[in-house]
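This is data.txt. It holds compact mmCIF, N, CA and C atoms.
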# COMPACT_ATOMS: atom_id res chain seq x y z
N MET A 1 -32.00 -25.57 -35.03
CA MET A 1 -32.33 -24.92 -36.27
C MET A 1 -31.37 -25.41 -37.34
N LEU A 2 -31.92 -25.69 -38.50
CA LEU A 2 -31.10 -26.09 -39.64
C LEU A 2 -31.34 -25.12 -40.79
N LEU A 3 -30.31 -24.82 -41.52
CA LEU A 3 -30.45 -24.05 -42.74
C LEU A 3 -30.12 -25.00 -43.88
N LEU A 4 -31.12 -25.25 -44.73
CA LEU A 4 -30.98 -26.21 -45.82
C LEU A 4 -31.04 -25.49 -47.16
N ARG A 5 -30.32 -26.03 -48.15
CA ARG A 5 -30.37 -25.46 -49.50
C ARG A 5 -30.84 -26.54 -50.47
N LEU A 6 -31.86 -26.20 -51.24
CA LEU A 6 -32.30 -27.03 -52.35
C LEU A 6 -33.14 -26.19 -53.29
N ARG A 7 -33.08 -26.53 -54.55
CA ARG A 7 -33.79 -25.76 -55.58
C ARG A 7 -35.10 -26.42 -56.00
N GLU A 8 -35.32 -27.67 -55.61
CA GLU A 8 -36.49 -28.42 -56.08
C GLU A 8 -37.79 -28.04 -55.40
N VAL A 9 -37.71 -27.28 -54.30
CA VAL A 9 -38.91 -26.91 -53.55
C VAL A 9 -39.05 -25.40 -53.57
N SER A 10 -40.29 -24.94 -53.70
CA SER A 10 -40.56 -23.52 -53.68
C SER A 10 -41.72 -23.25 -52.72
N LEU A 11 -41.44 -22.51 -51.67
CA LEU A 11 -42.48 -22.10 -50.73
C LEU A 11 -42.56 -20.58 -50.76
N CYS A 12 -43.76 -20.05 -50.71
CA CYS A 12 -43.91 -18.60 -50.75
C CYS A 12 -44.15 -18.01 -49.36
N ARG A 13 -44.34 -18.87 -48.35
CA ARG A 13 -44.50 -18.38 -46.99
C ARG A 13 -44.09 -19.46 -45.99
N PRO A 14 -43.88 -19.09 -44.73
CA PRO A 14 -43.50 -20.10 -43.73
C PRO A 14 -44.58 -21.16 -43.55
N VAL A 15 -44.15 -22.36 -43.24
CA VAL A 15 -45.07 -23.48 -43.02
C VAL A 15 -44.83 -24.02 -41.62
N ARG A 16 -45.90 -24.24 -40.90
CA ARG A 16 -45.82 -24.84 -39.56
C ARG A 16 -46.34 -26.27 -39.67
N LEU A 17 -45.49 -27.23 -39.32
CA LEU A 17 -45.86 -28.64 -39.39
C LEU A 17 -46.21 -29.15 -38.01
N LEU A 18 -47.34 -29.82 -37.90
CA LEU A 18 -47.69 -30.46 -36.64
C LEU A 18 -47.20 -31.89 -36.70
N HIS A 19 -45.90 -32.03 -36.62
CA HIS A 19 -45.23 -33.32 -36.67
C HIS A 19 -45.62 -34.12 -35.43
N PRO A 20 -45.75 -35.46 -35.53
CA PRO A 20 -46.19 -36.25 -34.37
C PRO A 20 -45.30 -36.10 -33.13
N ARG A 21 -44.00 -35.92 -33.30
CA ARG A 21 -43.12 -35.81 -32.13
C ARG A 21 -42.89 -34.37 -31.68
N VAL A 22 -42.77 -33.47 -32.65
CA VAL A 22 -42.46 -32.09 -32.29
C VAL A 22 -42.92 -31.15 -33.39
N PRO A 23 -43.66 -30.08 -33.06
CA PRO A 23 -44.05 -29.11 -34.09
C PRO A 23 -42.82 -28.43 -34.67
N VAL A 24 -42.80 -28.31 -35.98
CA VAL A 24 -41.64 -27.77 -36.69
C VAL A 24 -42.12 -26.68 -37.64
N TYR A 25 -41.25 -25.70 -37.89
CA TYR A 25 -41.56 -24.68 -38.89
C TYR A 25 -40.49 -24.70 -39.98
N VAL A 26 -40.91 -24.38 -41.19
CA VAL A 26 -40.00 -24.26 -42.33
C VAL A 26 -40.22 -22.87 -42.91
N VAL A 27 -39.14 -22.09 -42.95
CA VAL A 27 -39.23 -20.71 -43.42
C VAL A 27 -38.40 -20.57 -44.69
N PRO A 28 -39.04 -20.21 -45.81
CA PRO A 28 -38.27 -20.03 -47.04
C PRO A 28 -37.43 -18.76 -46.98
N ARG A 29 -36.22 -18.86 -47.51
CA ARG A 29 -35.29 -17.74 -47.61
C ARG A 29 -34.90 -17.60 -49.08
N PRO A 30 -34.29 -16.50 -49.47
CA PRO A 30 -33.85 -16.35 -50.86
C PRO A 30 -32.80 -17.39 -51.24
N ASP A 31 -32.64 -17.59 -52.53
CA ASP A 31 -31.59 -18.45 -53.10
C ASP A 31 -31.72 -19.92 -52.72
N GLY A 32 -32.95 -20.41 -52.61
CA GLY A 32 -33.15 -21.84 -52.34
C GLY A 32 -32.82 -22.27 -50.93
N LEU A 33 -32.77 -21.34 -50.00
CA LEU A 33 -32.49 -21.67 -48.59
C LEU A 33 -33.79 -21.81 -47.82
N PHE A 34 -33.79 -22.74 -46.86
CA PHE A 34 -34.93 -22.95 -45.99
C PHE A 34 -34.43 -23.12 -44.56
N MET A 35 -35.03 -22.38 -43.64
CA MET A 35 -34.71 -22.55 -42.23
C MET A 35 -35.73 -23.50 -41.64
N VAL A 36 -35.24 -24.57 -41.02
CA VAL A 36 -36.09 -25.56 -40.39
C VAL A 36 -35.80 -25.51 -38.90
N GLY A 37 -36.83 -25.30 -38.10
CA GLY A 37 -36.60 -25.19 -36.67
C GLY A 37 -37.79 -25.66 -35.87
N ALA A 38 -37.58 -25.75 -34.58
CA ALA A 38 -38.62 -26.15 -33.64
C ALA A 38 -38.43 -25.35 -32.36
N THR A 39 -39.52 -25.05 -31.71
CA THR A 39 -39.42 -24.31 -30.46
C THR A 39 -39.59 -25.21 -29.25
N MET A 40 -39.78 -26.50 -29.48
CA MET A 40 -40.11 -27.38 -28.36
C MET A 40 -39.17 -28.55 -28.17
N ILE A 41 -38.04 -28.57 -28.78
CA ILE A 41 -37.08 -29.64 -28.51
C ILE A 41 -36.32 -29.25 -27.26
N GLU A 42 -36.49 -30.04 -26.20
CA GLU A 42 -35.91 -29.69 -24.90
C GLU A 42 -34.47 -30.14 -24.79
N SER A 43 -33.65 -29.24 -24.28
CA SER A 43 -32.25 -29.56 -24.04
C SER A 43 -31.66 -28.47 -23.16
N ASP A 44 -30.79 -28.86 -22.26
CA ASP A 44 -30.07 -27.88 -21.46
C ASP A 44 -28.78 -27.47 -22.14
N GLU A 45 -28.45 -28.12 -23.23
CA GLU A 45 -27.22 -27.86 -23.96
C GLU A 45 -27.49 -26.81 -25.02
N GLY A 46 -26.84 -25.68 -24.91
CA GLY A 46 -27.08 -24.60 -25.86
C GLY A 46 -26.05 -24.47 -26.95
N THR A 47 -25.04 -25.35 -26.96
CA THR A 47 -23.96 -25.19 -27.93
C THR A 47 -23.88 -26.29 -28.96
N ARG A 48 -24.67 -27.33 -28.83
CA ARG A 48 -24.60 -28.42 -29.81
C ARG A 48 -26.01 -28.95 -30.05
N ILE A 49 -26.18 -29.62 -31.15
CA ILE A 49 -27.45 -30.25 -31.47
C ILE A 49 -27.26 -31.76 -31.36
N SER A 50 -28.22 -32.44 -30.78
CA SER A 50 -28.12 -33.89 -30.66
C SER A 50 -28.53 -34.54 -31.98
N ALA A 51 -28.08 -35.76 -32.16
CA ALA A 51 -28.45 -36.51 -33.37
C ALA A 51 -29.97 -36.66 -33.45
N ARG A 52 -30.60 -36.95 -32.31
CA ARG A 52 -32.06 -37.12 -32.31
C ARG A 52 -32.76 -35.84 -32.74
N SER A 53 -32.33 -34.69 -32.21
CA SER A 53 -32.96 -33.41 -32.59
C SER A 53 -32.80 -33.14 -34.07
N MET A 54 -31.60 -33.40 -34.60
CA MET A 54 -31.38 -33.18 -36.03
C MET A 54 -32.25 -34.13 -36.86
N LEU A 55 -32.33 -35.38 -36.43
CA LEU A 55 -33.19 -36.35 -37.14
C LEU A 55 -34.65 -35.92 -37.14
N GLU A 56 -35.11 -35.39 -36.01
CA GLU A 56 -36.50 -34.94 -35.94
C GLU A 56 -36.76 -33.78 -36.88
N LEU A 57 -35.83 -32.83 -36.93
CA LEU A 57 -36.00 -31.69 -37.84
C LEU A 57 -35.96 -32.15 -39.30
N LEU A 58 -34.99 -32.99 -39.63
CA LEU A 58 -34.88 -33.48 -41.01
C LEU A 58 -36.07 -34.35 -41.39
N SER A 59 -36.55 -35.17 -40.48
CA SER A 59 -37.72 -36.02 -40.76
C SER A 59 -38.96 -35.18 -41.03
N ALA A 60 -39.12 -34.11 -40.25
CA ALA A 60 -40.27 -33.24 -40.46
C ALA A 60 -40.18 -32.54 -41.82
N ALA A 61 -38.99 -32.07 -42.18
CA ALA A 61 -38.82 -31.42 -43.49
C ALA A 61 -39.10 -32.42 -44.61
N TYR A 62 -38.61 -33.65 -44.45
CA TYR A 62 -38.83 -34.70 -45.45
C TYR A 62 -40.32 -35.03 -45.57
N ALA A 63 -41.03 -34.99 -44.43
CA ALA A 63 -42.48 -35.25 -44.46
C ALA A 63 -43.21 -34.16 -45.25
N LEU A 64 -42.69 -32.93 -45.19
CA LEU A 64 -43.29 -31.83 -45.96
C LEU A 64 -43.07 -32.05 -47.45
N HIS A 65 -41.84 -32.42 -47.83
CA HIS A 65 -41.54 -32.70 -49.24
C HIS A 65 -40.31 -33.60 -49.30
N PRO A 66 -40.40 -34.74 -50.00
CA PRO A 66 -39.28 -35.69 -50.07
C PRO A 66 -37.98 -35.09 -50.62
N ALA A 67 -38.06 -34.00 -51.37
CA ALA A 67 -36.84 -33.38 -51.90
C ALA A 67 -35.93 -32.86 -50.79
N PHE A 68 -36.47 -32.58 -49.61
CA PHE A 68 -35.64 -32.15 -48.49
C PHE A 68 -34.65 -33.24 -48.09
N GLY A 69 -34.91 -34.48 -48.46
CA GLY A 69 -33.99 -35.56 -48.17
C GLY A 69 -32.66 -35.42 -48.88
N GLU A 70 -32.62 -34.67 -49.96
CA GLU A 70 -31.39 -34.45 -50.72
C GLU A 70 -30.82 -33.05 -50.53
N ALA A 71 -31.36 -32.31 -49.57
CA ALA A 71 -30.91 -30.93 -49.36
C ALA A 71 -29.51 -30.88 -48.76
N GLU A 72 -28.81 -29.81 -49.09
CA GLU A 72 -27.50 -29.56 -48.48
C GLU A 72 -27.71 -28.88 -47.13
N ILE A 73 -27.06 -29.37 -46.09
CA ILE A 73 -27.12 -28.73 -44.78
C ILE A 73 -26.07 -27.62 -44.77
N VAL A 74 -26.53 -26.38 -44.77
CA VAL A 74 -25.67 -25.22 -44.86
C VAL A 74 -25.21 -24.76 -43.48
N GLU A 75 -26.12 -24.86 -42.51
CA GLU A 75 -25.81 -24.36 -41.17
C GLU A 75 -26.63 -25.11 -40.14
N ILE A 76 -26.05 -25.28 -38.97
CA ILE A 76 -26.74 -25.89 -37.83
C ILE A 76 -26.63 -24.90 -36.68
N GLY A 77 -27.76 -24.59 -36.06
CA GLY A 77 -27.73 -23.65 -34.94
C GLY A 77 -28.55 -24.16 -33.77
N THR A 78 -28.17 -23.74 -32.59
CA THR A 78 -28.91 -24.10 -31.38
C THR A 78 -29.06 -22.88 -30.51
N GLY A 79 -29.95 -22.97 -29.57
CA GLY A 79 -30.14 -21.89 -28.61
C GLY A 79 -31.03 -22.35 -27.49
N VAL A 80 -30.73 -21.90 -26.29
CA VAL A 80 -31.54 -22.21 -25.13
C VAL A 80 -32.13 -20.91 -24.62
N ARG A 81 -33.43 -20.92 -24.40
CA ARG A 81 -34.08 -19.73 -23.87
C ARG A 81 -34.00 -19.75 -22.35
N ALA A 82 -33.69 -18.63 -21.80
CA ALA A 82 -33.62 -18.55 -20.33
C ALA A 82 -35.01 -18.58 -19.74
N ALA A 83 -35.15 -19.28 -18.62
CA ALA A 83 -36.41 -19.30 -17.89
C ALA A 83 -36.15 -19.83 -16.50
N PHE A 84 -37.12 -19.64 -15.63
CA PHE A 84 -37.03 -20.13 -14.27
C PHE A 84 -37.79 -21.45 -14.16
N ALA A 85 -37.59 -22.17 -13.07
CA ALA A 85 -38.18 -23.50 -12.90
C ALA A 85 -39.70 -23.48 -13.00
N ASP A 86 -40.34 -22.41 -12.54
CA ASP A 86 -41.81 -22.34 -12.59
C ASP A 86 -42.31 -21.71 -13.89
N ASN A 87 -41.41 -21.36 -14.80
CA ASN A 87 -41.74 -20.75 -16.10
C ASN A 87 -42.50 -19.44 -15.99
N LEU A 88 -42.36 -18.76 -14.87
CA LEU A 88 -42.99 -17.46 -14.70
C LEU A 88 -41.93 -16.37 -14.81
N PRO A 89 -42.32 -15.19 -15.27
CA PRO A 89 -41.35 -14.11 -15.40
C PRO A 89 -40.95 -13.57 -14.04
N ARG A 90 -39.79 -12.95 -13.99
CA ARG A 90 -39.31 -12.30 -12.77
C ARG A 90 -39.17 -10.81 -13.04
N LEU A 91 -39.58 -10.03 -12.05
CA LEU A 91 -39.46 -8.57 -12.13
C LEU A 91 -38.44 -8.11 -11.12
N ARG A 92 -37.62 -7.16 -11.54
CA ARG A 92 -36.66 -6.54 -10.64
C ARG A 92 -36.74 -5.04 -10.85
N ARG A 93 -36.69 -4.32 -9.78
CA ARG A 93 -36.72 -2.87 -9.86
C ARG A 93 -35.36 -2.33 -9.43
N TYR A 94 -34.78 -1.52 -10.28
CA TYR A 94 -33.55 -0.80 -9.96
C TYR A 94 -33.85 0.68 -10.10
N GLY A 95 -34.01 1.33 -8.97
CA GLY A 95 -34.39 2.75 -9.01
C GLY A 95 -35.79 2.87 -9.57
N GLU A 96 -35.93 3.65 -10.61
CA GLU A 96 -37.23 3.85 -11.26
C GLU A 96 -37.48 2.90 -12.43
N THR A 97 -36.51 2.01 -12.70
CA THR A 97 -36.62 1.13 -13.86
C THR A 97 -37.06 -0.27 -13.43
N LEU A 98 -38.05 -0.81 -14.14
CA LEU A 98 -38.56 -2.14 -13.88
C LEU A 98 -38.06 -3.07 -14.98
N TYR A 99 -37.39 -4.17 -14.60
CA TYR A 99 -36.86 -5.14 -15.56
C TYR A 99 -37.66 -6.43 -15.48
N ILE A 100 -37.98 -6.99 -16.64
CA ILE A 100 -38.67 -8.28 -16.69
C ILE A 100 -37.73 -9.29 -17.35
N THR A 101 -37.67 -10.49 -16.79
CA THR A 101 -36.76 -11.52 -17.28
C THR A 101 -37.53 -12.80 -17.56
N ALA A 102 -37.19 -13.47 -18.66
CA ALA A 102 -37.70 -14.80 -19.01
C ALA A 102 -39.20 -14.84 -19.20
N CYS A 103 -39.73 -13.89 -19.93
CA CYS A 103 -41.17 -13.92 -20.15
C CYS A 103 -41.56 -14.86 -21.28
N ILE A 104 -40.63 -15.30 -22.11
CA ILE A 104 -40.96 -16.24 -23.18
C ILE A 104 -41.04 -17.65 -22.64
N GLY A 105 -40.16 -18.06 -21.79
CA GLY A 105 -40.20 -19.39 -21.20
C GLY A 105 -39.37 -20.39 -21.96
N THR A 106 -39.35 -21.62 -21.45
CA THR A 106 -38.61 -22.70 -22.08
C THR A 106 -39.52 -23.52 -22.94
N ALA A 107 -38.96 -24.52 -23.57
CA ALA A 107 -39.75 -25.40 -24.41
C ALA A 107 -40.85 -26.08 -23.62
N SER A 108 -40.59 -26.47 -22.38
CA SER A 108 -41.61 -27.16 -21.60
C SER A 108 -42.80 -26.25 -21.32
N SER A 109 -42.56 -24.94 -21.12
CA SER A 109 -43.69 -24.05 -20.88
C SER A 109 -44.51 -23.88 -22.14
N SER A 110 -43.90 -24.02 -23.31
CA SER A 110 -44.64 -23.91 -24.56
C SER A 110 -45.68 -25.01 -24.67
N ARG A 111 -45.39 -26.15 -24.10
CA ARG A 111 -46.35 -27.24 -24.15
C ARG A 111 -47.56 -26.97 -23.27
N ARG A 112 -47.34 -26.27 -22.16
CA ARG A 112 -48.43 -26.08 -21.21
C ARG A 112 -49.24 -24.83 -21.46
N ARG A 113 -48.62 -23.82 -22.02
CA ARG A 113 -49.33 -22.56 -22.18
C ARG A 113 -49.08 -21.99 -23.56
N SER A 114 -50.11 -21.41 -24.11
CA SER A 114 -49.97 -20.77 -25.42
C SER A 114 -49.21 -19.46 -25.27
N ARG A 115 -48.78 -18.92 -26.39
CA ARG A 115 -48.08 -17.63 -26.36
C ARG A 115 -48.97 -16.54 -25.77
N ALA A 116 -50.25 -16.57 -26.14
CA ALA A 116 -51.17 -15.55 -25.64
C ALA A 116 -51.26 -15.62 -24.12
N ALA A 117 -51.32 -16.82 -23.58
CA ALA A 117 -51.40 -16.98 -22.13
C ALA A 117 -50.12 -16.48 -21.46
N ARG A 118 -48.96 -16.77 -22.07
CA ARG A 118 -47.71 -16.29 -21.51
C ARG A 118 -47.63 -14.77 -21.57
N ARG A 119 -48.14 -14.19 -22.66
CA ARG A 119 -48.15 -12.72 -22.77
C ARG A 119 -49.00 -12.11 -21.66
N LYS A 120 -50.19 -12.72 -21.42
CA LYS A 120 -51.06 -12.22 -20.35
C LYS A 120 -50.34 -12.29 -19.02
N CYS A 121 -49.66 -13.39 -18.78
CA CYS A 121 -48.92 -13.58 -17.54
C CYS A 121 -47.86 -12.49 -17.39
N CYS A 122 -47.14 -12.20 -18.46
CA CYS A 122 -46.11 -11.17 -18.43
C CYS A 122 -46.72 -9.80 -18.18
N CYS A 123 -47.83 -9.53 -18.84
CA CYS A 123 -48.49 -8.23 -18.66
C CYS A 123 -48.96 -8.06 -17.22
N ARG A 124 -49.57 -9.11 -16.66
CA ARG A 124 -50.01 -9.04 -15.26
C ARG A 124 -48.83 -8.79 -14.33
N ALA A 125 -47.71 -9.48 -14.59
CA ALA A 125 -46.53 -9.32 -13.75
C ALA A 125 -46.00 -7.89 -13.83
N VAL A 126 -45.97 -7.33 -15.02
CA VAL A 126 -45.49 -5.96 -15.20
C VAL A 126 -46.41 -4.97 -14.49
N ILE A 127 -47.71 -5.16 -14.64
CA ILE A 127 -48.67 -4.24 -14.01
C ILE A 127 -48.57 -4.31 -12.49
N SER A 128 -48.52 -5.54 -11.96
CA SER A 128 -48.42 -5.67 -10.50
C SER A 128 -47.09 -5.13 -10.00
N GLY A 129 -46.02 -5.34 -10.76
CA GLY A 129 -44.71 -4.81 -10.37
C GLY A 129 -44.68 -3.30 -10.42
N ALA A 130 -45.36 -2.72 -11.40
CA ALA A 130 -45.37 -1.26 -11.54
C ALA A 130 -46.22 -0.62 -10.43
N ASN A 131 -47.26 -1.35 -10.00
CA ASN A 131 -48.14 -0.80 -8.98
C ASN A 131 -47.64 -1.03 -7.55
N GLY A 132 -46.66 -1.84 -7.40
CA GLY A 132 -46.24 -2.07 -6.02
C GLY A 132 -45.12 -2.96 -5.95

Is it possible to express this structure as structure tokens?
Amino acid sequence: MLLLRLREVSLCRPVRLLHPRVPVYVVPRPDGLFMVGATMIESDEGTRISARSMLELLSAAYALHPAFGEAEIVEIGTGVRAAFADNLPRLRRYGETLYITACIGTASSSRRRSRAARRKCCCRAVISGANG
């Protein structure tokens, strides 16, 4: 995720770009700030951003509007979503409480299944876990 500042561009709502390499979103914030991010850049490293990932995000923003090429980079953020190898949620029961883990999945699961499909999978897992 990048937080960019520039005054030359004005967006009134978030934009989702279907960039050839990776889908990217641009979210306008107050004071000329824009959050540029992607949910599908794969990495096991949760504390740093690679040069390639940053280039992909900046290239996508530039493709949306060339003024992003002159934007100030205010912040760089990364994050890794927890998931299991099969990208399926896990249920654990402690007493009367049922816990669900990793129902969002990793970037690779985003490529194979839509959010709606993952939600259905999570709901089925919760129902089956609650019933037995």

Q) Which value, in Å to one decimal, gives the distance between atom C of Ser10 in chain A and CA of Glu70 in chain A? A)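 These atoms are spaced 15.4 Å apart.
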
Q) Residues at most 12 Å from Cys12 in chain A, counting only C-alpha atoms, excluding those fewer than 6 positions away in the same chain, as a ChimeraX atom specification? A) /A:26-30,32,34

**Q.** Gap from atom C of Glu72 in chain A to atom N of Leu55 in chain A - Å, one decimal
**A.**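 So the answer is 13.3 Å.
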
Hey, what's within 12 Å of Leu17 in chain A if we count only C-alpha atoms and toss same-chain stuff fewer than 3 positions away? As a PDB file with N, CA and C atoms, keeping the file's coordinate frame, please?
ATOM      1  N   PRO A  14     -43.880 -19.090 -44.730  1.00  0.00           N
ATOM      2  CA  PRO A  14     -43.500 -20.100 -43.730  1.00  0.00           C
ATOM      3  C   PRO A  14     -44.580 -21.160 -43.550  1.00  0.00           C
ATOM      4  N   PRO A  20     -45.750 -35.460 -35.530  1.00  0.00           N
ATOM      5  CA  PRO A  20     -46.190 -36.250 -34.370  1.00  0.00           C
ATOM      6  C   PRO A  20     -45.300 -36.100 -33.130  1.00  0.00           C
ATOM      7  N   ARG A  21     -44.000 -35.920 -33.300  1.00  0.00           N
ATOM      8  CA  ARG A  21     -43.120 -35.810 -32.130  1.00  0.00           C
ATOM      9  C   ARG A  21     -42.890 -34.370 -31.680  1.00  0.00           C
ATOM     10  N   VAL A  22     -42.770 -33.470 -32.650  1.00  0.00           N
ATOM     11  CA  VAL A  22     -42.460 -32.090 -32.290  1.00  0.00           C
ATOM     12  C   VAL A  22     -42.920 -31.150 -33.390  1.00  0.00           C
ATOM     13  N   PRO A  23     -43.660 -30.080 -33.060  1.00  0.00           N
ATOM     14  CA  PRO A  23     -44.050 -29.110 -34.090  1.00  0.00           C
ATOM     15  C   PRO A  23     -42.820 -28.430 -34.670  1.00  0.00           C
ATOM     16  N   VAL A  24     -42.800 -28.310 -35.980  1.00  0.00           N
ATOM     17  CA  VAL A  24     -41.640 -27.770 -36.690  1.00  0.00           C
ATOM     18  C   VAL A  24     -42.120 -26.680 -37.640  1.00  0.00           C
ATOM     19  N   TYR A  25     -41.250 -25.700 -37.890  1.00  0.00           N
ATOM     20  CA  TYR A  25     -41.560 -24.680 -38.890  1.00  0.00           C
ATOM     21  C   TYR A  25     -40.490 -24.700 -39.980  1.00  0.00           C
ATOM     22  N   VAL A  26     -40.910 -24.380 -41.190  1.00  0.00           N
ATOM     23  CA  VAL A  26     -40.000 -24.260 -42.330  1.00  0.00           C
ATOM     24  C   VAL A  26     -40.220 -22.870 -42.910  1.00  0.00           C
ATOM     25  N   VAL A  27     -39.140 -22.090 -42.950  1.00  0.00           N
ATOM     26  CA  VAL A  27     -39.230 -20.710 -43.420  1.00  0.00           C
ATOM     27  C   VAL A  27     -38.400 -20.570 -44.690  1.00  0.00           C
ATOM     28  N   VAL A  36     -35.240 -24.570 -41.020  1.00  0.00           N
ATOM     29  CA  VAL A  36     -36.090 -25.560 -40.390  1.00  0.00           C
ATOM     30  C   VAL A  36     -35.800 -25.510 -38.900  1.00  0.00           C
ATOM     31  N   GLY A  37     -36.830 -25.300 -38.100  1.00  0.00           N
ATOM     32  CA  GLY A  37     -36.600 -25.190 -36.670  1.00  0.00           C
ATOM     33  C   GLY A  37     -37.790 -25.660 -35.870  1.00  0.00           C
ATOM     34  N   ALA A  38     -37.580 -25.750 -34.580  1.00  0.00           N
ATOM     35  CA  ALA A  38     -38.620 -26.150 -33.640  1.00  0.00           C
ATOM     36  C   ALA A  38     -38.430 -25.350 -32.360  1.00  0.00           C
ATOM     37  N   THR A  39     -39.520 -25.050 -31.710  1.00  0.00           N
ATOM     38  CA  THR A  39     -39.420 -24.310 -30.460  1.00  0.00           C
ATOM     39  C   THR A  39     -39.590 -25.210 -29.250  1.00  0.00           C
ATOM     40  N   GLU A  56     -35.110 -35.390 -36.010  1.00  0.00           N
ATOM     41  CA  GLU A  56     -36.500 -34.940 -35.940  1.00  0.00           C
ATOM     42  C   GLU A  56     -36.760 -33.780 -36.880  1.00  0.00           C
ATOM     43  N   LEU A  57     -35.830 -32.830 -36.930  1.00  0.00           N
ATOM     44  CA  LEU A  57     -36.000 -31.690 -37.840  1.00  0.00           C
ATOM     45  C   LEU A  57     -35.960 -32.150 -39.300  1.00  0.00           C
ATOM     46  N   SER A  59     -36.550 -35.170 -40.480  1.00  0.00           N
ATOM     47  CA  SER A  59     -37.720 -36.020 -40.760  1.00  0.00           C
ATOM     48  C   SER A  59     -38.960 -35.180 -41.030  1.00  0.00           C
ATOM     49  N   ALA A  60     -39.120 -34.110 -40.250  1.00  0.00           N
ATOM     50  CA  ALA A  60     -40.270 -33.240 -40.460  1.00  0.00           C
ATOM     51  C   ALA A  60     -40.180 -32.540 -41.820  1.00  0.00           C
ATOM     52  N   ALA A  61     -38.990 -32.070 -42.180  1.00  0.00           N
ATOM     53  CA  ALA A  61     -38.820 -31.420 -43.490  1.00  0.00           C
ATOM     54  C   ALA A  61     -39.100 -32.420 -44.610  1.00  0.00           C
ATOM     55  N   TYR A  62     -38.610 -33.650 -44.450  1.00  0.00           N
ATOM     56  CA  TYR A  62     -38.830 -34.700 -45.450  1.00  0.00           C
ATOM     57  C   TYR A  62     -40.320 -35.030 -45.570  1.00  0.00           C
ATOM     58  N   ALA A  63     -41.030 -34.990 -44.430  1.00  0.00           N
ATOM     59  CA  ALA A  63     -42.480 -35.250 -44.460  1.00  0.00           C
ATOM     60  C   ALA A  63     -43.210 -34.160 -45.250  1.00  0.00           C
ATOM     61  N   LEU A  64     -42.690 -32.930 -45.190  1.00  0.00           N
ATOM     62  CA  LEU A  64     -43.290 -31.830 -45.960  1.00  0.00           C
ATOM     63  C   LEU A  64     -43.070 -32.050 -47.450  1.00  0.00           C
ATOM     64  N   HIS A  65     -41.840 -32.420 -47.830  1.00  0.00           N
ATOM     65  CA  HIS A  65     -41.540 -32.700 -49.240  1.00  0.00           C
ATOM     66  C   HIS A  65     -40.310 -33.600 -49.300  1.00  0.00           C
TER      67      HIS A  65
END

(Q) I'd like the interatomic distance between CA of Pro66 in chain A and CA of Arg48 in chain A, to a tenth of an Å. (A)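 The value is 26.1 Å.
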
To box range 24-33 of chain A, take all atoms listed in the file, fit an axis-aligned box, add 6 Å on each side, and give centre and edge lengths in Å to one decimal, as lines of an AutoDock Vina configuration file.
center_x = -37.2
center_y = -22.3
center_z = -44.5
size_x = 23.2
size_y = 24.0
size_z = 29.1
